[in-house]
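Trainee: So I've got this file, work.pdb, and it contains PDB, C-alpha atoms and all ligand atoms:
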```pdb
ATOM      1  CA  MET A1319     -18.696 -22.010  -2.929
ATOM      2  CA  HIS A1320     -15.829 -23.875  -1.231
ATOM      3  CA  ILE A1321     -12.356 -22.385  -1.778
ATOM      4  CA  ARG A1322      -8.744 -22.850  -0.721
ATOM      5  CA  PHE A1323      -6.760 -19.840   0.433
ATOM      6  CA  THR A1324      -3.445 -18.891   2.031
ATOM      7  CA  LYS A1325      -3.176 -16.417   4.897
ATOM      8  CA  MET A1326      -0.027 -14.258   4.669
ATOM      9  CA  GLN A1327       1.425 -11.163   6.271
ATOM     10  CA  GLY A1328       4.092  -8.604   5.467
ATOM     11  CA  ALA A1329       5.144  -6.508   8.480
ATOM     12  CA  GLY A1330       1.759  -7.306   9.991
ATOM     13  CA  ASN A1331      -0.288  -6.088   7.006
ATOM     14  CA  ASP A1332      -2.308  -9.269   6.453
ATOM     15  CA  PHE A1333      -3.749 -10.897   3.369
ATOM     16  CA  VAL A1334      -5.932 -13.706   2.103
ATOM     17  CA  VAL A1335      -4.249 -14.946  -1.085
ATOM     18  CA  LEU A1336      -6.309 -16.745  -3.746
ATOM     19  CA  ASP A1337      -4.951 -18.809  -6.631
ATOM     20  CA  GLU A1338      -6.892 -17.832  -9.745
ATOM     21  CA  THR A1339      -4.239 -19.008 -12.197
ATOM     22  CA  GLN A1340      -6.547 -21.804 -13.437
ATOM     23  CA  GLY A1341      -9.656 -19.611 -13.651
ATOM     24  CA  ARG A1342     -11.500 -16.788 -11.945
ATOM     25  CA  LEU A1343     -13.502 -17.450  -8.801
ATOM     26  CA  GLY A1344     -15.811 -14.562  -9.740
ATOM     27  CA  LEU A1345     -16.218 -13.267  -6.169
ATOM     28  CA  SER A1346     -18.540 -10.324  -5.504
ATOM     29  CA  ALA A1347     -17.507  -7.293  -3.427
ATOM     30  CA  ALA A1348     -19.609  -8.731  -0.572
ATOM     31  CA  GLN A1349     -17.704 -12.029  -0.780
ATOM     32  CA  TYR A1350     -14.354 -10.189  -0.587
ATOM     33  CA  ARG A1351     -15.728  -8.368   2.477
ATOM     34  CA  PHE A1352     -16.731 -11.717   3.971
ATOM     35  CA  LEU A1353     -13.210 -13.150   3.519
ATOM     36  CA  ALA A1354     -11.669 -10.030   5.091
ATOM     37  CA  ASP A1355     -14.081 -10.044   8.039
ATOM     38  CA  ARG A1356     -12.185 -10.874  11.260
ATOM     39  CA  HIS A1357     -15.276 -12.310  12.995
ATOM     40  CA  PHE A1358     -17.225 -14.162  10.295
ATOM     41  CA  GLY A1359     -14.525 -14.794   7.654
ATOM     42  CA  VAL A1360     -10.752 -15.364   7.618
ATOM     43  CA  GLY A1361      -9.682 -11.816   8.458
ATOM     44  CA  ALA A1362      -7.416  -9.639   6.326
ATOM     45  CA  ASP A1363      -6.605  -6.070   5.377
ATOM     46  CA  GLN A1364      -6.583  -7.004   1.679
ATOM     47  CA  ILE A1365      -7.449  -9.964  -0.573
ATOM     48  CA  LEU A1366      -4.814 -10.756  -3.221
ATOM     49  CA  SER A1367      -5.701 -12.746  -6.337
ATOM     50  CA  VAL A1368      -2.912 -14.394  -8.329
ATOM     51  CA  ARG A1369      -3.932 -14.605 -11.980
ATOM     52  CA  ALA A1370      -2.244 -16.043 -15.086
ATOM     53  CA  SER A1371       0.035 -13.865 -17.197
ATOM     54  CA  PRO A1372      -1.749 -11.314 -19.372
ATOM     55  CA  GLY A1373       1.165 -11.741 -21.919
ATOM     56  CA  ARG A1374       3.625  -8.980 -22.912
ATOM     57  CA  GLY A1375       6.546 -10.690 -21.098
ATOM     58  CA  LEU A1376       4.750 -10.536 -17.742
ATOM     59  CA  ASP A1377       4.729 -13.537 -15.395
ATOM     60  CA  PHE A1378       1.416 -12.971 -13.572
ATOM     61  CA  GLU A1379      -1.392 -10.523 -12.960
ATOM     62  CA  TYR A1380      -1.889  -9.419  -9.370
ATOM     63  CA  VAL A1381      -5.333  -8.130  -8.309
ATOM     64  CA  ILE A1382      -5.943  -6.389  -4.985
ATOM     65  CA  HIS A1383      -9.196  -5.861  -3.067
ATOM     66  CA  ASN A1384      -9.390  -3.848   0.143
ATOM     67  CA  ALA A1385     -11.241  -5.216   3.189
ATOM     68  CA  ASP A1386     -14.231  -3.053   2.152
ATOM     69  CA  GLY A1387     -14.501  -5.064  -1.106
ATOM     70  CA  GLY A1388     -13.237  -2.328  -3.450
ATOM     71  CA  GLN A1389     -10.554  -3.125  -6.032
ATOM     72  CA  VAL A1390      -7.443  -0.929  -5.752
ATOM     73  CA  GLU A1391      -4.385  -0.093  -7.806
ATOM     74  CA  GLN A1392      -1.423  -1.035  -5.597
ATOM     75  CA  CYS A1393      -0.380  -2.837  -2.434
ATOM     76  CA  GLY A1394       3.312  -2.846  -1.527
ATOM     77  CA  ASN A1395       3.299  -5.363   1.343
ATOM     78  CA  GLY A1396       0.987  -7.523  -0.750
ATOM     79  CA  ALA A1397       3.464  -7.471  -3.636
ATOM     80  CA  ARG A1398       6.137  -9.000  -1.401
ATOM     81  CA  CYS A1399       3.711 -11.687  -0.169
ATOM     82  CA  PHE A1400       2.701 -12.307  -3.786
ATOM     83  CA  VAL A1401       6.308 -13.277  -4.704
ATOM     84  CA  ARG A1402       6.698 -15.560  -1.717
ATOM     85  CA  TYR A1403       3.350 -17.239  -2.534
ATOM     86  CA  VAL A1404       4.251 -17.813  -6.188
ATOM     87  CA  HIS A1405       7.632 -19.350  -5.237
ATOM     88  CA  ASP A1406       6.355 -21.422  -2.281
ATOM     89  CA  LYS A1407       3.434 -22.846  -4.281
ATOM     90  CA  GLY A1408       5.738 -23.739  -7.186
ATOM     91  CA  LEU A1409       3.857 -21.494  -9.609
ATOM     92  CA  SER A1410       7.160 -20.044 -10.895
ATOM     93  CA  THR A1411      10.878 -20.218 -10.150
ATOM     94  CA  ARG A1412      11.616 -16.927 -11.911
ATOM     95  CA  ASN A1413      13.464 -14.293  -9.907
ATOM     96  CA  PRO A1414      12.829 -11.418 -10.411
ATOM     97  CA  LEU A1415       9.173 -11.691 -11.403
ATOM     98  CA  ARG A1416       7.360  -9.144 -13.529
ATOM     99  CA  VAL A1417       3.676  -8.709 -12.700
ATOM    100  CA  LYS A1418       0.784  -6.560 -13.846
ATOM    101  CA  VAL A1419      -1.230  -4.631 -11.287
ATOM    102  CA  MET A1420      -4.278  -2.506 -12.123
ATOM    103  CA  ASN A1421      -2.517   0.383 -13.928
ATOM    104  CA  ALA A1422       1.162  -0.567 -13.803
ATOM    105  CA  GLU A1423       3.822  -3.257 -13.994
ATOM    106  CA  LEU A1424       6.054  -4.204 -11.047
ATOM    107  CA  GLU A1425       9.356  -6.046 -10.689
ATOM    108  CA  LEU A1426       9.643  -8.241  -7.591
ATOM    109  CA  LYS A1427      12.892  -9.809  -6.382
ATOM    110  CA  MET A1428      13.310 -12.416  -3.634
ATOM    111  CA  HIS A1429      16.561 -12.474  -1.589
ATOM    112  CA  ALA A1430      18.290 -15.562  -0.152
ATOM    113  CA  ASP A1431      17.287 -14.495   3.386
ATOM    114  CA  GLY A1432      13.565 -14.491   2.411
ATOM    115  CA  ARG A1433      13.140 -10.736   2.243
ATOM    116  CA  VAL A1434      11.705  -9.287  -0.953
ATOM    117  CA  THR A1435      12.550  -6.083  -2.819
ATOM    118  CA  VAL A1436       9.883  -4.492  -4.971
ATOM    119  CA  ASP A1437      10.490  -1.887  -7.647
ATOM    120  CA  MET A1438       7.350   0.160  -6.943
ATOM    121  CA  GLY A1439       7.801   2.433  -9.954
ATOM    122  CA  ALA A1440       8.100   6.207  -9.841
ATOM    123  CA  PRO A1441       5.929   8.376  -7.594
ATOM    124  CA  VAL A1442       3.400  10.645  -9.293
ATOM    125  CA  PHE A1443       3.106  14.273  -8.186
ATOM    126  CA  THR A1444       0.578  15.563 -10.732
ATOM    127  CA  LEU A1445      -2.349  16.473  -8.488
ATOM    128  CA  GLY A1446      -5.020  15.521 -11.021
ATOM    129  CA  GLN A1447      -3.521  12.045 -11.266
ATOM    130  CA  VAL A1448      -3.481  11.432  -7.492
ATOM    131  CA  PRO A1449      -6.351  12.546  -7.730
ATOM    132  CA  PHE A1450      -6.479  15.658  -5.481
ATOM    133  CA  ASP A1451      -8.582  18.764  -6.016
ATOM    134  CA  ALA A1452      -6.421  21.734  -4.972
ATOM    135  CA  GLN A1453      -8.679  24.388  -6.474
ATOM    136  CA  GLY A1454      -8.675  27.539  -4.334
ATOM    137  CA  LEU A1455      -6.023  26.205  -1.917
ATOM    138  CA  LYS A1456      -2.714  27.960  -1.308
ATOM    139  CA  PRO A1457       0.252  25.546  -1.222
ATOM    140  CA  GLN A1458       2.812  25.874   1.569
ATOM    141  CA  PRO A1459       6.285  25.362  -0.007
ATOM    142  CA  MET A1460       8.820  23.258   1.909
ATOM    143  CA  GLY A1461      12.093  21.903   0.466
ATOM    144  CA  SER A1462      11.421  21.103  -3.182
ATOM    145  CA  PHE A1463       7.808  20.166  -2.440
ATOM    146  CA  GLU A1464       4.687  21.677  -0.946
ATOM    147  CA  ARG A1465       1.982  20.863   1.566
ATOM    148  CA  TRP A1466      -1.706  21.625   1.134
ATOM    149  CA  PRO A1467      -3.977  22.876   3.925
ATOM    150  CA  LEU A1468      -6.695  20.267   4.447
ATOM    151  CA  ASP A1469      -9.582  21.464   6.582
ATOM    152  CA  LEU A1470     -10.476  18.833   9.165
ATOM    153  CA  PRO A1471     -13.295  18.972  11.728
ATOM    154  CA  TYR A1472     -12.151  20.558  15.024
ATOM    155  CA  ALA A1473      -8.522  20.639  13.774
ATOM    156  CA  GLY A1474      -8.614  23.485  11.264
ATOM    157  CA  ASP A1475      -6.204  23.428   8.331
ATOM    158  CA  VAL A1476      -3.766  20.531   8.540
ATOM    159  CA  PRO A1477      -0.844  20.611   6.044
ATOM    160  CA  VAL A1478      -0.528  17.426   3.977
ATOM    161  CA  ALA A1479       1.844  16.366   1.215
ATOM    162  CA  VAL A1480      -0.045  14.712  -1.628
ATOM    163  CA  LEU A1481       1.246  12.105  -4.086
ATOM    164  CA  SER A1482       0.478   8.798  -5.748
ATOM    165  CA  MET A1483       2.379   5.525  -5.637
ATOM    166  CA  GLY A1484      -0.138   4.172  -8.139
ATOM    167  CA  ASN A1485      -2.642   4.661  -5.300
ATOM    168  CA  PRO A1486      -3.380   7.977  -3.535
ATOM    169  CA  HIS A1487      -1.548   9.126  -0.388
ATOM    170  CA  ALA A1488      -1.703  12.127   1.940
ATOM    171  CA  VAL A1489       1.244  12.440   4.326
ATOM    172  CA  LEU A1490       1.287  14.636   7.406
ATOM    173  CA  LEU A1491       4.169  15.306   9.769
ATOM    174  CA  VAL A1492       3.654  14.593  13.469
ATOM    175  CA  ASP A1493       5.947  15.019  16.492
ATOM    176  CA  ASP A1494       5.009  11.683  18.068
ATOM    177  CA  VAL A1495       3.382   8.971  16.009
ATOM    178  CA  GLN A1496       2.217   6.976  19.034
ATOM    179  CA  SER A1497      -0.040   9.782  20.242
ATOM    180  CA  ALA A1498      -1.004  10.997  16.729
ATOM    181  CA  PRO A1499      -4.798  11.237  16.167
ATOM    182  CA  VAL A1500      -4.837   8.381  13.615
ATOM    183  CA  ALA A1501      -8.216   6.986  14.706
ATOM    184  CA  SER A1502     -10.035  10.346  14.447
ATOM    185  CA  TRP A1503      -8.233  12.212  11.646
ATOM    186  CA  GLY A1504      -7.611   9.040   9.587
ATOM    187  CA  PRO A1505     -11.236   8.534   8.505
ATOM    188  CA  TRP A1506     -11.719  12.289   7.932
ATOM    189  CA  ILE A1507      -8.696  12.480   5.648
ATOM    190  CA  GLU A1508      -9.594   9.186   3.920
ATOM    191  CA  SER A1509     -12.990  10.539   2.894
ATOM    192  CA  HIS A1510     -12.116  14.239   2.470
ATOM    193  CA  GLU A1511     -13.980  15.742  -0.477
ATOM    194  CA  ARG A1512     -10.692  16.971  -2.013
ATOM    195  CA  PHE A1513      -9.799  13.321  -2.724
ATOM    196  CA  PRO A1514     -12.471  12.109  -5.158
ATOM    197  CA  ARG A1515     -11.248   8.488  -4.965
ATOM    198  CA  ARG A1516     -10.520   8.739  -1.221
ATOM    199  CA  VAL A1517      -6.958   8.473   0.078
ATOM    200  CA  ASN A1518      -4.559   6.613   2.377
ATOM    201  CA  ALA A1519      -3.515   8.864   5.285
ATOM    202  CA  GLY A1520       0.072   8.573   6.578
ATOM    203  CA  PHE A1521       1.214  10.007   9.932
ATOM    204  CA  LEU A1522       4.983  10.473   9.711
ATOM    205  CA  GLN A1523       7.412  11.111  12.576
ATOM    206  CA  VAL A1524      10.944  11.902  11.428
ATOM    207  CA  VAL A1525      13.466  10.419  13.877
ATOM    208  CA  GLY A1526      16.598  11.135  11.818
ATOM    209  CA  ARG A1527      17.541  11.548   8.156
ATOM    210  CA  GLY A1528      17.538   7.764   7.684
ATOM    211  CA  GLU A1529      14.867   6.718  10.174
ATOM    212  CA  VAL A1530      11.152   7.415  10.584
ATOM    213  CA  ARG A1531       8.130   6.078  12.411
ATOM    214  CA  LEU A1532       4.891   5.725  10.460
ATOM    215  CA  ARG A1533       1.257   4.847  10.997
ATOM    216  CA  VAL A1534      -1.171   4.677   8.088
ATOM    217  CA  TYR A1535      -4.952   4.851   8.081
ATOM    218  CA  GLU A1536      -5.610   2.938   4.886
ATOM    219  CA  ARG A1537      -8.374   3.661   2.435
ATOM    220  CA  GLY A1538     -10.883   0.818   2.617
ATOM    221  CA  ALA A1539      -9.172  -1.000   5.488
ATOM    222  CA  GLY A1540      -8.674   1.377   8.446
ATOM    223  CA  GLU A1541      -5.376   1.564  10.341
ATOM    224  CA  THR A1542      -3.146  -1.377   9.446
ATOM    225  CA  LEU A1543       0.054  -2.524  11.168
ATOM    226  CA  ALA A1544       2.021  -1.437   8.084
ATOM    227  CA  CYS A1545       1.345  -0.056   4.609
ATOM    228  CA  GLY A1546       4.003  -0.598   1.941
ATOM    229  CA  THR A1547       2.869   2.074  -0.496
ATOM    230  CA  GLY A1548       2.292   4.337   2.525
ATOM    231  CA  ALA A1549       5.930   3.829   3.552
ATOM    232  CA  CYS A1550       7.092   4.650  -0.006
ATOM    233  CA  ALA A1551       4.873   7.755  -0.145
ATOM    234  CA  ALA A1552       5.999   8.973   3.298
ATOM    235  CA  VAL A1553       9.701   8.594   2.463
ATOM    236  CA  VAL A1554       9.330  10.236  -0.969
ATOM    237  CA  ALA A1555       7.449  13.140   0.649
ATOM    238  CA  GLY A1556      10.065  13.377   3.426
ATOM    239  CA  ILE A1557      12.907  13.458   0.875
ATOM    240  CA  ARG A1558      11.236  16.165  -1.200
ATOM    241  CA  LEU A1559      10.396  18.161   1.935
ATOM    242  CA  GLY A1560      14.151  18.158   2.665
ATOM    243  CA  LEU A1561      13.931  16.005   5.811
ATOM    244  CA  LEU A1562      15.281  12.616   4.694
ATOM    245  CA  ASP A1563      18.201  10.949   2.895
ATOM    246  CA  PRO A1564      17.702   8.546  -0.047
ATOM    247  CA  ARG A1565      17.650   5.380   2.128
ATOM    248  CA  VAL A1566      15.286   5.254   5.086
ATOM    249  CA  ASP A1567      14.224   2.600   7.612
ATOM    250  CA  VAL A1568      10.508   2.952   8.252
ATOM    251  CA  HIS A1569       9.366   1.633  11.633
ATOM    252  CA  THR A1570       5.749   0.589  11.498
ATOM    253  CA  ARG A1571       3.691  -1.066  14.219
ATOM    254  CA  GLY A1572       4.279  -4.429  12.495
ATOM    255  CA  GLY A1573       7.938  -4.245  11.473
ATOM    256  CA  VAL A1574      10.594  -2.374   9.549
ATOM    257  CA  LEU A1575      10.500  -1.589   5.827
ATOM    258  CA  THR A1576      13.505  -0.123   4.015
ATOM    259  CA  ILE A1577      12.715   2.410   1.325
ATOM    260  CA  GLU A1578      15.181   3.792  -1.227
ATOM    261  CA  TRP A1579      14.561   6.631  -3.657
ATOM    262  CA  ARG A1580      17.294   8.496  -5.579
ATOM    263  CA  HIS A1581      15.462  11.714  -6.277
ATOM    264  CA  THR A1582      16.722  13.334  -9.481
ATOM    265  CA  PRO A1583      14.607  16.318 -10.572
ATOM    266  CA  GLY A1584      13.231  15.782 -14.072
ATOM    267  CA  LEU A1585      13.773  11.994 -13.985
ATOM    268  CA  ASP A1586      11.146   9.411 -13.025
ATOM    269  CA  GLN A1587      13.218   7.477 -10.501
ATOM    270  CA  PRO A1588      11.619   4.291  -9.105
ATOM    271  CA  VAL A1589      11.102   3.663  -5.399
ATOM    272  CA  PHE A1590      12.495   0.392  -3.989
ATOM    273  CA  MET A1591      10.884  -1.220  -0.970
ATOM    274  CA  THR A1592      12.454  -4.126   0.953
ATOM    275  CA  GLY A1593      10.800  -6.058   3.758
ATOM    276  CA  PRO A1594       9.538  -9.406   5.038
ATOM    277  CA  ALA A1595       6.805 -11.644   3.603
ATOM    278  CA  THR A1596       5.510 -14.607   5.615
ATOM    279  CA  THR A1597       2.969 -17.400   5.164
ATOM    280  CA  VAL A1598       0.763 -17.820   8.231
ATOM    281  CA  PHE A1599      -1.356 -20.840   7.229
ATOM    282  CA  ASP A1600      -3.259 -22.519   4.389
ATOM    283  CA  GLY A1601      -6.980 -23.077   4.748
ATOM    284  CA  GLU A1602     -10.325 -23.854   3.130
ATOM    285  CA  ILE A1603     -13.610 -22.047   3.651
ATOM    286  CA  ASP A1604     -17.222 -22.078   2.453
ATOM    287  CA  ILE A1605     -18.153 -18.678   1.068
ATOM    288  CA  PRO A1606     -21.861 -17.850   1.231
ATOM    289  CA  ASP A1607     -23.714 -16.589  -1.838
ATOM    290  CA  LEU A1608     -23.455 -12.853  -1.250
ATOM    291  CA  VAL A1609     -24.085 -10.184  -3.869
TER     292      VAL A1609
HETATM  293  N1  LIG B   1      -1.618  -2.244   2.410
HETATM  294  C1  LIG B   1      -1.227  -1.732   1.166
HETATM  295  C2  LIG B   1      -2.094  -0.777   0.453
HETATM  296  C3  LIG B   1      -3.441  -1.399   0.078
HETATM  297  C4  LIG B   1      -4.328  -0.506  -0.744
HETATM  298  C5  LIG B   1      -4.709   0.763  -0.038
HETATM  299  N2  LIG B   1      -5.494   0.534   1.141
HETATM  300  C6  LIG B   1      -5.500   1.654  -1.015
HETATM  301  O1  LIG B   1      -6.730   1.695  -0.930
HETATM  302  O2  LIG B   1      -4.872   2.299  -1.865
HETATM  303  C7  LIG B   1       0.258  -1.553   0.976
HETATM  304  O3  LIG B   1       1.012  -2.290   1.620
HETATM  305  O4  LIG B   1       0.664  -0.760   0.130
END
```
Represent the structure of the file as C-alpha cells.
Mentor:
Amino acid sequence: MHIRFTKMQGAGNDFVVLDETQGRLGLSAAQYRFLADRHFGVGADQILSVRASPGRGLDFEYVIHNADGGQVEQCGNGARCFVRYVHDKGLSTRNPLRVKVMNAELELKMHADGRVTVDMGAPVFTLGQVPFDAQGLKPQPMGSFERWPLDLPYAGDVPVAVLSMGNPHAVLLVDDVQSAPVASWGPWIESHERFPRRVNAGFLQVVGRGEVRLRVYERGAGETLACGTGACAAVVAGIRLGLLDPRVDVHTRGGVLTIEWRHTPGLDQPVFMTGPATTVFDGEIDIPDLV
C-alpha cells in the first residue's frame, strides 16, 4: 500500500498524521508499528488518524495509536498538531474545533501566534476508572490528595499519585528530573500489575509554584521529549498535593507547555493545555503487508 503522510511535532513529541477523511486505510497494528519505526519506517511516538465527523455537532474524529501499535484514548500534544494539520490542509476553517477521541470530546483552539490551546476535559480520580488496583495498599495523604506506595524492583515502595486524563497516569515527585531513573523505573511502572491497562509514568520536579520540570515514560512509546496528557496529569497532581498554583509552565525536554486548572472541590473543572504544534514535512511511503 502506498500512502501520503505528514510528519509533525509538538514540543518534540512526534507524530505521523494520516488523512482518513475520505476513507479508512485499514492499517494493522504491525503497520502502525512500521510507520513509527525510526529505522525502517518514518519514525514517530504516535500515529494520528484524522477521520470525518461522527455527527453530533463534532467536526472530526481523532484516532491515536502508540508506537507499539496499540490504540489509546488521548494524546495532548497530538491534539494540538491535529488542529494545525486540519487548518493547514484546508480541511476546516473552524476555530475552535470540536473533535471526538476514543472516549471523550475535545475543544481545540488555534491562536494567531500559531500556538494551540486544548480543553482536555476534567481529570478523573476514581481509581477504578484510571484503572488502578489499590486493594490492600495504604494511601499516604498529602494536601487534598494521596499517593500510593508502588513496589518497584530494587527501589522498594515508591509513592505515586494516580489519575486519568482520559488515559492513565502515575506521577512521582523527584528532586532532580535530569538524574531521575526514568529509563529503569519507567518500564517497571508502565507495566506494574496494579495498572491493568498499563500506565504513563511522569517524573515531576517542582521548581516553584508556577514552574516544574517533567519527564514522562509513555505507555507504548518509551520516554518521549514531551507528553501533553502527562503534563496535565503532573500539574493536576501537583495542585492537589498542595505544591502548585493553578497556572504552571511545564519544562519538558522538547519545550514548554502551559497548563491551567482551577481546582474547585466537587466540580469537574477542565484542564487547559497550551503549546506549540509544528509541521516537519510531508511524505509518501510504501507500507508492506504486515498483519
Ligand atoms: N504523547 C501523548 C500521549 C500518548 C498516549 C500515551 N502514550 C498513552 O498510552 O496513554 C500526549 O501528548 O498526551
Trainee: Could you name the residues that touch range 1377-1383 of chain A at 7 Å or less, counting only C-alpha atoms, but leaving out those on the same chain fewer than 6 positions away, as a list of chain:residue names?
Mentor: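 Surrounding residues, per the criterion: A:Gln1364, A:Ile1365, A:Leu1366, A:Ser1367, A:Val1368, A:Arg1369, A:Ala1370, A:Ser1371, A:Gln1389, A:Val1390, A:Leu1415, A:Arg1416, A:Val1417, A:Lys1418, A:Val1419, A:Met1420.
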Trainee: Name the closest residue to Arg1374 in chain A among the candidates A:Trp1579, A:Ser1346, A:Gly1546, A:Glu1423; distances are taken between atoms, counting all atoms listed in the file.
Mentor: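 When distances to Arg1374 in chain A are compared using all atoms listed in the file, the smallest one comes from A:Glu1423.
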Trainee: Find the distance between CA of Glu1541 in chain A and CA of Val1517 in chain A and write it in Å to one decimal.
Mentor: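 Distance reported for this atom pair: 12.5 Å.
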Trainee: Between A:Val1524, A:Val1530, A:Ile1557, A:Phe1450, which residue has the minimum interatomic distance to Glu1508 in chain A, considering all atoms listed in the file?
Mentor: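 Distance minimum relative to Glu1508 in chain A lands on A:Phe1450.
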Trainee: Would you kindly translate the PyMOL selection byres (((chain A and resi 1334) around 7) and not hetatm) into the concrete residues it picks from this file, as a ChimeraX atom specification?
Mentor: /A:1323-1326,1333,1335-1336,1362,1364-1366
Trainee: I want to know what sits within 12 Å of Arg1537 in chain A, based on only C-alpha atoms, with residues of the same chain fewer than 5 positions away left out; could you give that as a tab-separated table (two decimals) with C-alpha atoms, keeping the file's coordinate frame?
Mentor:
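What landed in part_25.tsv:
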```tsv
chain	number	residue	atom	x	y	z
A	1363	ASP	CA	-6.60	-6.07	5.38
A	1364	GLN	CA	-6.58	-7.00	1.68
A	1383	HIS	CA	-9.20	-5.86	-3.07
A	1384	ASN	CA	-9.39	-3.85	0.14
A	1385	ALA	CA	-11.24	-5.22	3.19
A	1386	ASP	CA	-14.23	-3.05	2.15
A	1387	GLY	CA	-14.50	-5.06	-1.11
A	1388	GLY	CA	-13.24	-2.33	-3.45
A	1389	GLN	CA	-10.55	-3.12	-6.03
A	1390	VAL	CA	-7.44	-0.93	-5.75
A	1391	GLU	CA	-4.38	-0.09	-7.81
A	1392	GLN	CA	-1.42	-1.03	-5.60
A	1393	CYS	CA	-0.38	-2.84	-2.43
A	1485	ASN	CA	-2.64	4.66	-5.30
A	1486	PRO	CA	-3.38	7.98	-3.54
A	1487	HIS	CA	-1.55	9.13	-0.39
A	1488	ALA	CA	-1.70	12.13	1.94
A	1504	GLY	CA	-7.61	9.04	9.59
A	1505	PRO	CA	-11.24	8.53	8.51
A	1506	TRP	CA	-11.72	12.29	7.93
A	1507	ILE	CA	-8.70	12.48	5.65
A	1508	GLU	CA	-9.59	9.19	3.92
A	1509	SER	CA	-12.99	10.54	2.89
A	1510	HIS	CA	-12.12	14.24	2.47
A	1513	PHE	CA	-9.80	13.32	-2.72
A	1515	ARG	CA	-11.25	8.49	-4.96
A	1516	ARG	CA	-10.52	8.74	-1.22
A	1517	VAL	CA	-6.96	8.47	0.08
A	1518	ASN	CA	-4.56	6.61	2.38
A	1519	ALA	CA	-3.52	8.86	5.28
A	1520	GLY	CA	0.07	8.57	6.58
A	1542	THR	CA	-3.15	-1.38	9.45
A	1545	CYS	CA	1.34	-0.06	4.61
A	1547	THR	CA	2.87	2.07	-0.50
A	1548	GLY	CA	2.29	4.34	2.52
```
Trainee: Expand the PyMOL selection byres (((chain A and resi 1608) around 12) and not hetatm) into the individual residues it matches in the shown file, reporting them as a list in words.
Mentor: Met1319, Gly1344, Leu1345, Ser1346, Ala1347, Ala1348, Gln1349, Tyr1350, Arg1351, Phe1352, Leu1353, Gly1387, Asp1604, Ile1605, Pro1606, Asp1607 and Val1609 of chain A
Trainee: In terms of the shortest atom-to-atom distance over all atoms listed in the file, which of A:Gly1330, A:Gly1341, A:Gly1373, A:Gly1454 is closest to ligand LIG 1 (chain B)?
Mentor: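 Closest to ligand LIG 1 (chain B) of all the choices is A:Gly1330.
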Trainee: Do you know which residues the PyMOL selection byres (((chain A and resi 1558-1561) around 6) and not hetatm) returns on this file, as a PDB file with C-alpha atoms, in the frame of the given file?
Mentor:
```
ATOM      1  CA  MET A1460       8.820  23.258   1.909  1.00  0.00           C
ATOM      2  CA  GLY A1461      12.093  21.903   0.466  1.00  0.00           C
ATOM      3  CA  SER A1462      11.421  21.103  -3.182  1.00  0.00           C
ATOM      4  CA  PHE A1463       7.808  20.166  -2.440  1.00  0.00           C
ATOM      5  CA  ALA A1555       7.449  13.140   0.649  1.00  0.00           C
ATOM      6  CA  GLY A1556      10.065  13.377   3.426  1.00  0.00           C
ATOM      7  CA  ILE A1557      12.907  13.458   0.875  1.00  0.00           C
ATOM      8  CA  LEU A1562      15.281  12.616   4.694  1.00  0.00           C
TER       9      LEU A1562
END
```
Trainee: Determine, counting all atoms listed in the file, every residue of protein, DNA or RNA that lies within 8 Å of (-2.3, -25.2, -12.0) in the file coordinates, then give the result as a compact mmCIF listing (two decimals) with C-alpha atoms, keeping the file's coordinate frame.
Mentor:
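Writing the result to out.txt gives the following:
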```txt
# COMPACT_ATOMS: atom_id res chain seq x y z
CA THR A 1339 -4.24 -19.01 -12.20
CA GLN A 1340 -6.55 -21.80 -13.44
CA LEU A 1409 3.86 -21.49 -9.61
```
Trainee: Using all atoms listed in the file, which of A:Leu1532, A:Val1598, A:Ala1539, A:Val1568 sits nearest Arg1356 in chain A?
Mentor: A:Ala1539
Trainee: Enclose ligand LIG 1 (chain B), meaning all of its atoms listed in the file, in a box aligned along x, y and z, pad it by 8 Å on each side, and list the centre and edge lengths in Å to one decimal, as AutoDock Vina command-line options.
Mentor:
```
--center_x -2.9 --center_y 0.0 --center_z 0.3 --size_x 23.7 --size_y 20.6 --size_z 20.3
```
Trainee: Choose the residue, out of A:Gly1584, A:Pro1459, A:Pro1449, A:Gly1408, that has the smallest atom-to-atom separation from ligand LIG 1 (chain B); count only C-alpha atoms and all ligand atoms.
Mentor: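 With only C-alpha atoms and all ligand atoms as the atom set, the closest residue is A:Pro1449.
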Trainee: Just the number, please: distance in Å from CA of Leu1426 in chain A to CA of Val1525 in chain A, one decimal.
Mentor: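 Taking CA of Leu1426 in chain A and CA of Val1525 in chain A, their separation equals 28.7 Å.
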Trainee: Find the distance between CA of Asp1437 in chain A and CA of Glu1536 in chain A and write it in Å to one decimal.
Mentor: 21.0 Å
Trainee: Which residues come within 9 Å of Gly1439 in chain A, counting only C-alpha atoms, excluding same-chain residues fewer than 6 positions away, as a list in words?
Mentor: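 In the requested form, the answer reads Ala1422, Glu1423, Leu1424, Glu1425, Met1483, Gly1484, Asp1586, Gln1587, Pro1588, Val1589 and Phe1590 of chain A.
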Trainee: Write the selection just made, keeping C-alpha atoms, as a PDB file, keeping the file's coordinate frame?
Mentor:
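Result written to result_4.pdb:
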```pdb
ATOM      1  CA  ALA A1422       1.162  -0.567 -13.803  1.00  0.00           C
ATOM      2  CA  GLU A1423       3.822  -3.257 -13.994  1.00  0.00           C
ATOM      3  CA  LEU A1424       6.054  -4.204 -11.047  1.00  0.00           C
ATOM      4  CA  GLU A1425       9.356  -6.046 -10.689  1.00  0.00           C
ATOM      5  CA  MET A1483       2.379   5.525  -5.637  1.00  0.00           C
ATOM      6  CA  GLY A1484      -0.138   4.172  -8.139  1.00  0.00           C
ATOM      7  CA  ASP A1586      11.146   9.411 -13.025  1.00  0.00           C
ATOM      8  CA  GLN A1587      13.218   7.477 -10.501  1.00  0.00           C
ATOM      9  CA  PRO A1588      11.619   4.291  -9.105  1.00  0.00           C
ATOM     10  CA  VAL A1589      11.102   3.663  -5.399  1.00  0.00           C
ATOM     11  CA  PHE A1590      12.495   0.392  -3.989  1.00  0.00           C
TER      12      PHE A1590
END
```
Trainee: Out of A:Leu1490, A:Val1500, A:Met1428, A:Leu1585, which residue has the shortest atom-to-atom distance to Asp1475 in chain A when counting all atoms listed in the file?
Mentor: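 For Asp1475 in chain A, the nearest of the given residues is A:Leu1490.
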Trainee: Using only C-alpha atoms, give me every residue within 6 Å of (14.3, 0.2, 1.1) in file coordinates, as a ChimeraX atom specification.
Mentor: /A:1576-1578,1590-1592
